[in-house]
Amino acid sequence: MGAMTASPGRRVLLAAPRGYCAGVDRAVIAVEKALEQYGAPVYVRHEIVHNKYVVQTLEKKGAIFVERTEEVPPGNIVMFSAHGVAPVVHEEAERGRLATIDATCPLVTKVHKEAVRFANDDYDILLIGHEGHEEVIGTSGEAPDHIQLVDGPDDVAKVEVRDPSKVVWLSQTTLSVDETMETVDALKDKFPQLVSPPSDDICYATQNRQLAVKQMGAEAELVIVVGSRNSSNSKRLVEVAKQAGSREAYLVDFADEIDASWLEGVTTVGVTSGASVPDVLVEEVLEWLSQRGFEDVEIVKAAEESITFSLPKELRRDLREEAASLVAERDGSGTAGA
């Protein structure tokens, strides 16, 4: 390669897998399909996925993002984001006479079902996750009386349960594997009879993306993670890169946020992206780097991914008609949920 003489040994390690996971892909396509089928506007409760670019792109197509269900005018269609919602949100939508599309990631739905099952068996449920994150709010809402949040190993000291022989842990799907296990170990020290969920709740995509970054971080002096500030899994990738030995790791939404000074003394740059990031944003970062002599790109492959999820079943129905009839029924007996 000619450029190698001009810039000896400068290379980029590109993580695989990176970017879109199956749950995000499904949620984004669900919004696009809903707009195609039903026309604008389609309301989305909370950012469909935690990525600035994706949200802006969908807004241009006619999606309207709201924080609260009450913001959606009666007779409209509202979609729930990939992070999932608490049961009370479904009730709000029913009261607001809205047709709903649930784009919750199936892996998050699985955690919700586990929460309900353990609550029915009267367990204390310790949910490992970050306070205020949408996924945590949704899962907690499935069994608020049984669930308490444990935000990292430092939180373990203040956890109290009714019966130490009936305790189970669950977790937010987008945490780092190491961080979760550290918290689990601390909980097991305190509650030796702690039950683990039937399957590890950390999602396959989170795990695979972290694996690739671990391999990369050992060799790259700088790791650039493409992702948004409010994306939990993207922030974890930055932490994992640093723990793996990378001198510096930064989170950027777009290539133009990269600071050229980060490249000083750097010969190997690692690049990856969070689970809600379209690859076009990564390509722009690679282009930015190649203009600065980092033209040699090697793929760091940590896993094969072939998982796909089918689209939300509500997209097979005429939701505009359903929404209209919900409003019409207001004058009747109000049995909109029937």
# chains A, B, ... in the order shown; residues from 1 in each chain; ligands from 1
$ select_by_dssp --residues "segment 81-167 of chain A" --states "helix (DSSP H, G or I)" --output "ChimeraX atom specification"
/A:87-95,106-120,134-140,153-158
$ closest_atom_pairs --of "segment 117-187 of chain A" --to "segment 191-202 of chain A" --cutoff "6 Å" --atoms "only C-alpha atoms" --output "tab-separated table"
residue	atom	partner	partner_atom	distance
A:Pro164	CA	A:Phe191	CA	6.0
A:Ser165	CA	A:Gln193	CA	5.4
A:Val167	CA	A:Leu194	CA	5.2
A:Val168	CA	A:Val195	CA	4.4
A:Trp169	CA	A:Ser196	CA	5.7
A:Ser171	CA	A:Asp201	CA	5.8
A:Thr173	CA	A:Ile202	CA	4.4
A:Leu187	CA	A:Phe191	CA	5.9
$ residues_around --residues "Gly62 of chain A" --least-positions-apart "5" --cutoff "12 Å" --atoms "only C-alpha atoms" --output "MDAnalysis selection string"
chainID A and resid 31:36 38:44 55:57
$ closest_residue --among "A:Ala302, A:Val225, A:Ala328, A:Ala30" --to "Gly274 of chain A" --atoms "only C-alpha atoms"
A:Val225
$ atom_distance --atom1 "atom CA of Val136 of chain A" --atom2 "atom CA of Thr174 of chain A"
10.4 Å
$ residues_around --residues "segment 309-321 of chain A" --least-positions-apart "3" --cutoff "9 Å" --atoms "only C-alpha atoms" --output "MDAnalysis selection string"
chainID A and resid 22:23 25:27 29:30 33:34 37:38 75:77 99:106 324:326
$ closest_residue --among "A:Thr267, A:Ser273, A:Gln291, A:Ser261" --to "Arg11 of chain A" --atoms "only C-alpha atoms"
A:Thr267
$ closest_atom_pairs --of "segment 139-177 of chain A" --to "segment 108-124 of chain A" --cutoff "7 Å" --atoms "only C-alpha atoms" --output "tab-separated table"
residue	atom	partner	partner_atom	distance
A:Thr139	CA	A:His112	CA	5.4
A:Glu142	CA	A:Val116	CA	6.2
A:Ala143	CA	A:Val116	CA	6.2
A:His146	CA	A:Asp124	CA	5.2
A:Ile147	CA	A:Asp124	CA	6.3
A:Val161	CA	A:Asp124	CA	6.3
A:Lys166	CA	A:Tyr123	CA	5.1
A:Val167	CA	A:Asp124	CA	4.9
A:Val168	CA	A:Asp124	CA	6.5
A:Thr173	CA	A:Val108	CA	6.9
$ write_last_selection --atoms "N, CA, C and O atoms" --output "compact mmCIF listing (two decimals), in the first residue's frame"
# COMPACT_ATOMS: atom_id res chain seq x y z
N THR A 139 -38.54 -2.64 33.45
CA THR A 139 -38.48 -3.93 34.15
C THR A 139 -38.97 -3.79 35.59
O THR A 139 -39.75 -4.62 36.08
N GLU A 142 -42.70 -3.95 36.22
CA GLU A 142 -43.41 -5.25 36.13
C GLU A 142 -43.76 -5.79 37.51
O GLU A 142 -44.71 -6.54 37.67
N ALA A 143 -42.95 -5.42 38.51
CA ALA A 143 -43.18 -5.96 39.86
C ALA A 143 -42.56 -5.01 40.89
O ALA A 143 -41.66 -5.38 41.63
N HIS A 146 -41.59 -6.00 44.43
CA HIS A 146 -40.62 -7.08 44.64
C HIS A 146 -39.21 -6.73 44.18
O HIS A 146 -38.26 -7.43 44.50
N ILE A 147 -39.09 -5.64 43.39
CA ILE A 147 -37.81 -5.35 42.75
C ILE A 147 -37.09 -4.20 43.44
O ILE A 147 -37.68 -3.16 43.71
N VAL A 161 -33.38 -7.74 52.27
CA VAL A 161 -34.43 -8.61 51.73
C VAL A 161 -35.24 -9.20 52.87
O VAL A 161 -34.80 -9.23 54.01
N LYS A 166 -34.95 -16.60 49.57
CA LYS A 166 -35.80 -16.36 48.39
C LYS A 166 -35.39 -15.06 47.70
O LYS A 166 -36.13 -14.07 47.67
N VAL A 167 -34.17 -15.07 47.15
CA VAL A 167 -33.64 -13.89 46.47
C VAL A 167 -33.11 -14.31 45.10
O VAL A 167 -32.43 -15.33 44.97
N VAL A 168 -33.41 -13.48 44.08
CA VAL A 168 -32.91 -13.76 42.73
C VAL A 168 -32.34 -12.47 42.16
O VAL A 168 -32.77 -11.38 42.53
N THR A 173 -29.98 -5.44 30.21
CA THR A 173 -29.30 -6.25 29.19
C THR A 173 -28.03 -5.61 28.64
O THR A 173 -27.22 -6.29 28.02
$ select_by_dssp --residues "segment 109-327 of chain A" --states "strand (DSSP E or B)" --output "PyMOL selection string"
chain A and resi 124-128+147-150+167-171+195+222-226+248-252+268-273+296-301
$ residues_around --residues "segment 247-258 of chain A" --least-positions-apart "2" --cutoff "8 Å" --atoms "only C-alpha atoms" --output "PyMOL selection string"
chain A and resi 52-53+220-229+234-235+238-239+241-242+245+260+262+281-282+284-285+288
$ closest_residue --among "A:Ser231, A:Thr268, A:Ser81, A:Gln207" --to "His130 of chain A" --atoms "only C-alpha atoms"
A:Ser231
$ closest_residue --among "A:Glu70, A:Glu179, A:Ala93, A:Gly19" --to "Glu283 of chain A" --atoms "only C-alpha atoms"
A:Gly19
$ residues_around --residues "Val300 of chain A" --least-positions-apart "2" --cutoff "7 Å" --atoms "only C-alpha atoms" --output "list in words"
Leu13, Leu14, Ala15, Ala16, Ala212, Met216, Glu298 and Ala302 of chain A
$ write_last_selection --atoms "all heavy atoms" --output "PDB file, in the first residue's frame"
ATOM      1  N   LEU A  13      -7.881  -0.820  13.751  1.00  0.00           N
ATOM      2  CA  LEU A  13      -8.508  -2.111  14.052  1.00  0.00           C
ATOM      3  C   LEU A  13     -10.010  -1.860  14.121  1.00  0.00           C
ATOM      4  O   LEU A  13     -10.469  -1.018  14.902  1.00  0.00           O
ATOM      5  CB  LEU A  13      -8.000  -2.661  15.379  1.00  0.00           C
ATOM      6  CG  LEU A  13      -6.494  -2.894  15.483  1.00  0.00           C
ATOM      7  CD1 LEU A  13      -6.125  -3.410  16.872  1.00  0.00           C
ATOM      8  CD2 LEU A  13      -6.016  -3.882  14.410  1.00  0.00           C
ATOM      9  N   LEU A  14     -10.752  -2.547  13.278  1.00  0.00           N
ATOM     10  CA  LEU A  14     -12.203  -2.341  13.209  1.00  0.00           C
ATOM     11  C   LEU A  14     -12.910  -3.540  13.837  1.00  0.00           C
ATOM     12  O   LEU A  14     -12.714  -4.678  13.406  1.00  0.00           O
ATOM     13  CB  LEU A  14     -12.626  -2.174  11.745  1.00  0.00           C
ATOM     14  CG  LEU A  14     -14.099  -1.917  11.480  1.00  0.00           C
ATOM     15  CD1 LEU A  14     -14.578  -0.630  12.136  1.00  0.00           C
ATOM     16  CD2 LEU A  14     -14.365  -1.881   9.972  1.00  0.00           C
ATOM     17  N   ALA A  15     -13.712  -3.272  14.858  1.00  0.00           N
ATOM     18  CA  ALA A  15     -14.345  -4.359  15.606  1.00  0.00           C
ATOM     19  C   ALA A  15     -15.476  -5.013  14.817  1.00  0.00           C
ATOM     20  O   ALA A  15     -16.231  -4.342  14.116  1.00  0.00           O
ATOM     21  CB  ALA A  15     -14.891  -3.820  16.922  1.00  0.00           C
ATOM     22  N   ALA A  16     -15.553  -6.326  14.917  1.00  0.00           N
ATOM     23  CA  ALA A  16     -16.703  -7.076  14.410  1.00  0.00           C
ATOM     24  C   ALA A  16     -17.058  -8.121  15.458  1.00  0.00           C
ATOM     25  O   ALA A  16     -16.170  -8.822  15.918  1.00  0.00           O
ATOM     26  CB  ALA A  16     -16.358  -7.752  13.087  1.00  0.00           C
ATOM     27  N   ALA A 212     -14.986  -7.986  21.372  1.00  0.00           N
ATOM     28  CA  ALA A 212     -14.173  -7.443  20.285  1.00  0.00           C
ATOM     29  C   ALA A 212     -13.332  -6.270  20.786  1.00  0.00           C
ATOM     30  O   ALA A 212     -12.161  -6.131  20.434  1.00  0.00           O
ATOM     31  CB  ALA A 212     -15.070  -7.011  19.125  1.00  0.00           C
ATOM     32  N   MET A 216      -9.235  -5.615  20.990  1.00  0.00           N
ATOM     33  CA  MET A 216      -8.690  -4.433  20.349  1.00  0.00           C
ATOM     34  C   MET A 216      -7.908  -3.560  21.314  1.00  0.00           C
ATOM     35  O   MET A 216      -6.826  -3.075  21.014  1.00  0.00           O
ATOM     36  CB  MET A 216      -9.872  -3.602  19.842  1.00  0.00           C
ATOM     37  CG  MET A 216      -9.776  -3.202  18.440  1.00  0.00           C
ATOM     38  SD  MET A 216     -11.392  -2.689  17.826  1.00  0.00           S
ATOM     39  CE  MET A 216     -11.979  -1.565  19.055  1.00  0.00           C
ATOM     40  N   GLU A 298      -7.765  -3.306   9.634  1.00  0.00           N
ATOM     41  CA  GLU A 298      -7.841  -4.747   9.928  1.00  0.00           C
ATOM     42  C   GLU A 298      -9.097  -5.015  10.748  1.00  0.00           C
ATOM     43  O   GLU A 298      -9.418  -4.264  11.660  1.00  0.00           O
ATOM     44  CB  GLU A 298      -6.648  -5.178  10.788  1.00  0.00           C
ATOM     45  CG  GLU A 298      -5.331  -5.282  10.071  1.00  0.00           C
ATOM     46  CD  GLU A 298      -4.192  -5.546  11.072  1.00  0.00           C
ATOM     47  OE1 GLU A 298      -4.409  -6.325  12.024  1.00  0.00           O
ATOM     48  OE2 GLU A 298      -3.122  -4.945  10.896  1.00  0.00           O
ATOM     49  N   ALA A 302     -14.705 -11.045  16.801  1.00  0.00           N
ATOM     50  CA  ALA A 302     -14.858 -11.736  18.084  1.00  0.00           C
ATOM     51  C   ALA A 302     -15.979 -12.775  18.057  1.00  0.00           C
ATOM     52  O   ALA A 302     -16.013 -13.667  18.875  1.00  0.00           O
ATOM     53  CB  ALA A 302     -15.136 -10.716  19.186  1.00  0.00           C
TER      54      ALA A 302
END
$ closest_residue --among "A:Val49, A:Ala63, A:Val327, A:Ile137" --to "Pro87 of chain A" --atoms "only C-alpha atoms"
A:Ile137
$ atom_distance --atom1 "atom CA of Asp151 of chain A" --atom2 "atom CA of Ile128 of chain A"
5.8 Å
$ atom_distance --atom1 "atom CA of Thr308 of chain A" --atom2 "atom CA of Ile48 of chain A"
17.7 Å
$ decode --residues "segment 55-89 of chain A" --atoms "N, CA, C and O atoms" --output "tab-separated table (two decimals), in the first residue's frame"
chain	number	residue	atom	x	y	z
A	55	VAL	N	-32.66	8.95	15.58
A	55	VAL	CA	-33.85	9.70	15.99
A	55	VAL	C	-34.11	10.87	15.03
A	55	VAL	O	-35.24	11.07	14.57
A	56	GLN	N	-33.07	11.61	14.67
A	56	GLN	CA	-33.24	12.74	13.74
A	56	GLN	C	-33.73	12.27	12.37
A	56	GLN	O	-34.59	12.89	11.75
A	57	THR	N	-33.18	11.15	11.90
A	57	THR	CA	-33.57	10.60	10.59
A	57	THR	C	-35.05	10.22	10.59
A	57	THR	O	-35.79	10.51	9.64
A	58	LEU	N	-35.50	9.59	11.67
A	58	LEU	CA	-36.90	9.17	11.75
A	58	LEU	C	-37.84	10.36	11.92
A	58	LEU	O	-38.95	10.36	11.41
A	59	GLU	N	-37.36	11.39	12.62
A	59	GLU	CA	-38.17	12.61	12.76
A	59	GLU	C	-38.44	13.23	11.39
A	59	GLU	O	-39.56	13.68	11.12
A	60	LYS	N	-37.42	13.22	10.53
A	60	LYS	CA	-37.59	13.78	9.19
A	60	LYS	C	-38.65	13.02	8.41
A	60	LYS	O	-39.32	13.56	7.55
A	61	LYS	N	-38.79	11.72	8.71
A	61	LYS	CA	-39.76	10.90	7.99
A	61	LYS	C	-41.16	11.01	8.59
A	61	LYS	O	-42.11	10.43	8.05
A	62	GLY	N	-41.29	11.70	9.74
A	62	GLY	CA	-42.63	11.89	10.31
A	62	GLY	C	-42.88	11.24	11.65
A	62	GLY	O	-44.03	11.21	12.11
A	63	ALA	N	-41.85	10.71	12.27
A	63	ALA	CA	-42.03	10.18	13.63
A	63	ALA	C	-41.99	11.35	14.61
A	63	ALA	O	-41.23	12.29	14.43
A	64	ILE	N	-42.83	11.29	15.64
A	64	ILE	CA	-42.81	12.33	16.69
A	64	ILE	C	-42.46	11.65	18.01
A	64	ILE	O	-43.17	10.74	18.47
A	65	PHE	N	-41.36	12.07	18.59
A	65	PHE	CA	-40.89	11.45	19.84
A	65	PHE	C	-41.44	12.22	21.04
A	65	PHE	O	-41.35	13.45	21.09
A	66	VAL	N	-42.01	11.49	21.98
A	66	VAL	CA	-42.55	12.12	23.19
A	66	VAL	C	-41.98	11.40	24.41
A	66	VAL	O	-41.62	10.22	24.33
A	67	GLU	N	-41.88	12.11	25.52
A	67	GLU	CA	-41.38	11.47	26.74
A	67	GLU	C	-42.52	10.79	27.50
A	67	GLU	O	-42.32	9.80	28.17
A	68	ARG	N	-43.73	11.37	27.39
A	68	ARG	CA	-44.85	10.82	28.16
A	68	ARG	C	-46.00	10.44	27.24
A	68	ARG	O	-46.30	11.13	26.28
A	69	THR	N	-46.66	9.35	27.59
A	69	THR	CA	-47.80	8.85	26.79
A	69	THR	C	-48.89	9.92	26.68
A	69	THR	O	-49.55	10.03	25.65
A	70	GLU	N	-49.05	10.71	27.75
A	70	GLU	CA	-50.12	11.73	27.78
A	70	GLU	C	-49.93	12.80	26.69
A	70	GLU	O	-50.86	13.53	26.39
A	71	GLU	N	-48.71	12.90	26.16
A	71	GLU	CA	-48.47	13.92	25.13
A	71	GLU	C	-49.09	13.55	23.78
A	71	GLU	O	-49.14	14.38	22.87
A	72	VAL	N	-49.50	12.30	23.62
A	72	VAL	CA	-50.03	11.85	22.33
A	72	VAL	C	-51.54	12.12	22.27
A	72	VAL	O	-52.28	11.66	23.14
A	73	PRO	N	-52.00	12.87	21.24
A	73	PRO	CA	-53.44	13.15	21.14
A	73	PRO	C	-54.24	11.86	20.92
A	73	PRO	O	-53.76	10.95	20.22
A	74	PRO	N	-55.44	11.76	21.50
A	74	PRO	CA	-56.29	10.57	21.36
A	74	PRO	C	-56.48	10.18	19.90
A	74	PRO	O	-56.47	11.05	19.02
A	75	GLY	N	-56.62	8.89	19.66
A	75	GLY	CA	-56.89	8.42	18.30
A	75	GLY	C	-55.66	8.28	17.45
A	75	GLY	O	-55.76	8.10	16.24
A	76	ASN	N	-54.48	8.38	18.06
A	76	ASN	CA	-53.25	8.23	17.31
A	76	ASN	C	-52.57	6.88	17.59
A	76	ASN	O	-53.04	6.09	18.40
A	77	ILE	N	-51.47	6.68	16.86
A	77	ILE	CA	-50.68	5.46	17.04
A	77	ILE	C	-49.45	5.81	17.86
A	77	ILE	O	-48.76	6.79	17.56
A	78	VAL	N	-49.18	5.04	18.88
A	78	VAL	CA	-47.95	5.25	19.66
A	78	VAL	C	-47.13	3.96	19.67
A	78	VAL	O	-47.68	2.86	19.75
A	79	MET	N	-45.83	4.13	19.52
A	79	MET	CA	-44.93	2.98	19.54
A	79	MET	C	-44.07	3.03	20.79
A	79	MET	O	-43.62	4.10	21.19
A	80	PHE	N	-43.85	1.88	21.41
A	80	PHE	CA	-42.96	1.81	22.58
A	80	PHE	C	-41.56	1.41	22.13
A	80	PHE	O	-41.40	0.54	21.28
A	81	SER	N	-40.56	2.06	22.72
A	81	SER	CA	-39.19	1.90	22.25
A	81	SER	C	-38.61	0.52	22.57
A	81	SER	O	-39.18	-0.26	23.32
A	82	ALA	N	-37.43	0.27	22.00
A	82	ALA	CA	-36.76	-1.03	22.17
A	82	ALA	C	-36.45	-1.35	23.62
A	82	ALA	O	-36.28	-2.51	24.00
A	83	HIS	N	-36.39	-0.32	24.48
A	83	HIS	CA	-36.00	-0.53	25.88
A	83	HIS	C	-37.11	-1.13	26.72
A	83	HIS	O	-36.86	-1.58	27.84
A	84	GLY	N	-38.33	-1.09	26.19
A	84	GLY	CA	-39.46	-1.66	26.94
A	84	GLY	C	-40.10	-0.64	27.86
A	84	GLY	O	-39.51	0.38	28.20
A	85	VAL	N	-41.33	-0.92	28.25
A	85	VAL	CA	-42.07	-0.03	29.15
A	85	VAL	C	-42.72	-0.84	30.26
A	85	VAL	O	-42.94	-2.04	30.12
A	86	ALA	N	-43.05	-0.14	31.36
A	86	ALA	CA	-43.76	-0.78	32.47
A	86	ALA	C	-45.23	-0.97	32.09
A	86	ALA	O	-45.76	-0.25	31.24
A	87	PRO	N	-45.91	-1.94	32.73
A	87	PRO	CA	-47.33	-2.19	32.43
A	87	PRO	C	-48.21	-0.93	32.54
A	87	PRO	O	-49.16	-0.77	31.78
A	88	VAL	N	-47.85	-0.04	33.46
A	88	VAL	CA	-48.67	1.17	33.62
A	88	VAL	C	-48.70	2.00	32.34
A	88	VAL	O	-49.68	2.70	32.06
A	89	VAL	N	-47.65	1.92	31.53
A	89	VAL	CA	-47.61	2.68	30.28
A	89	VAL	C	-48.64	2.13	29.28
A	89	VAL	O	-49.30	2.89	28.56
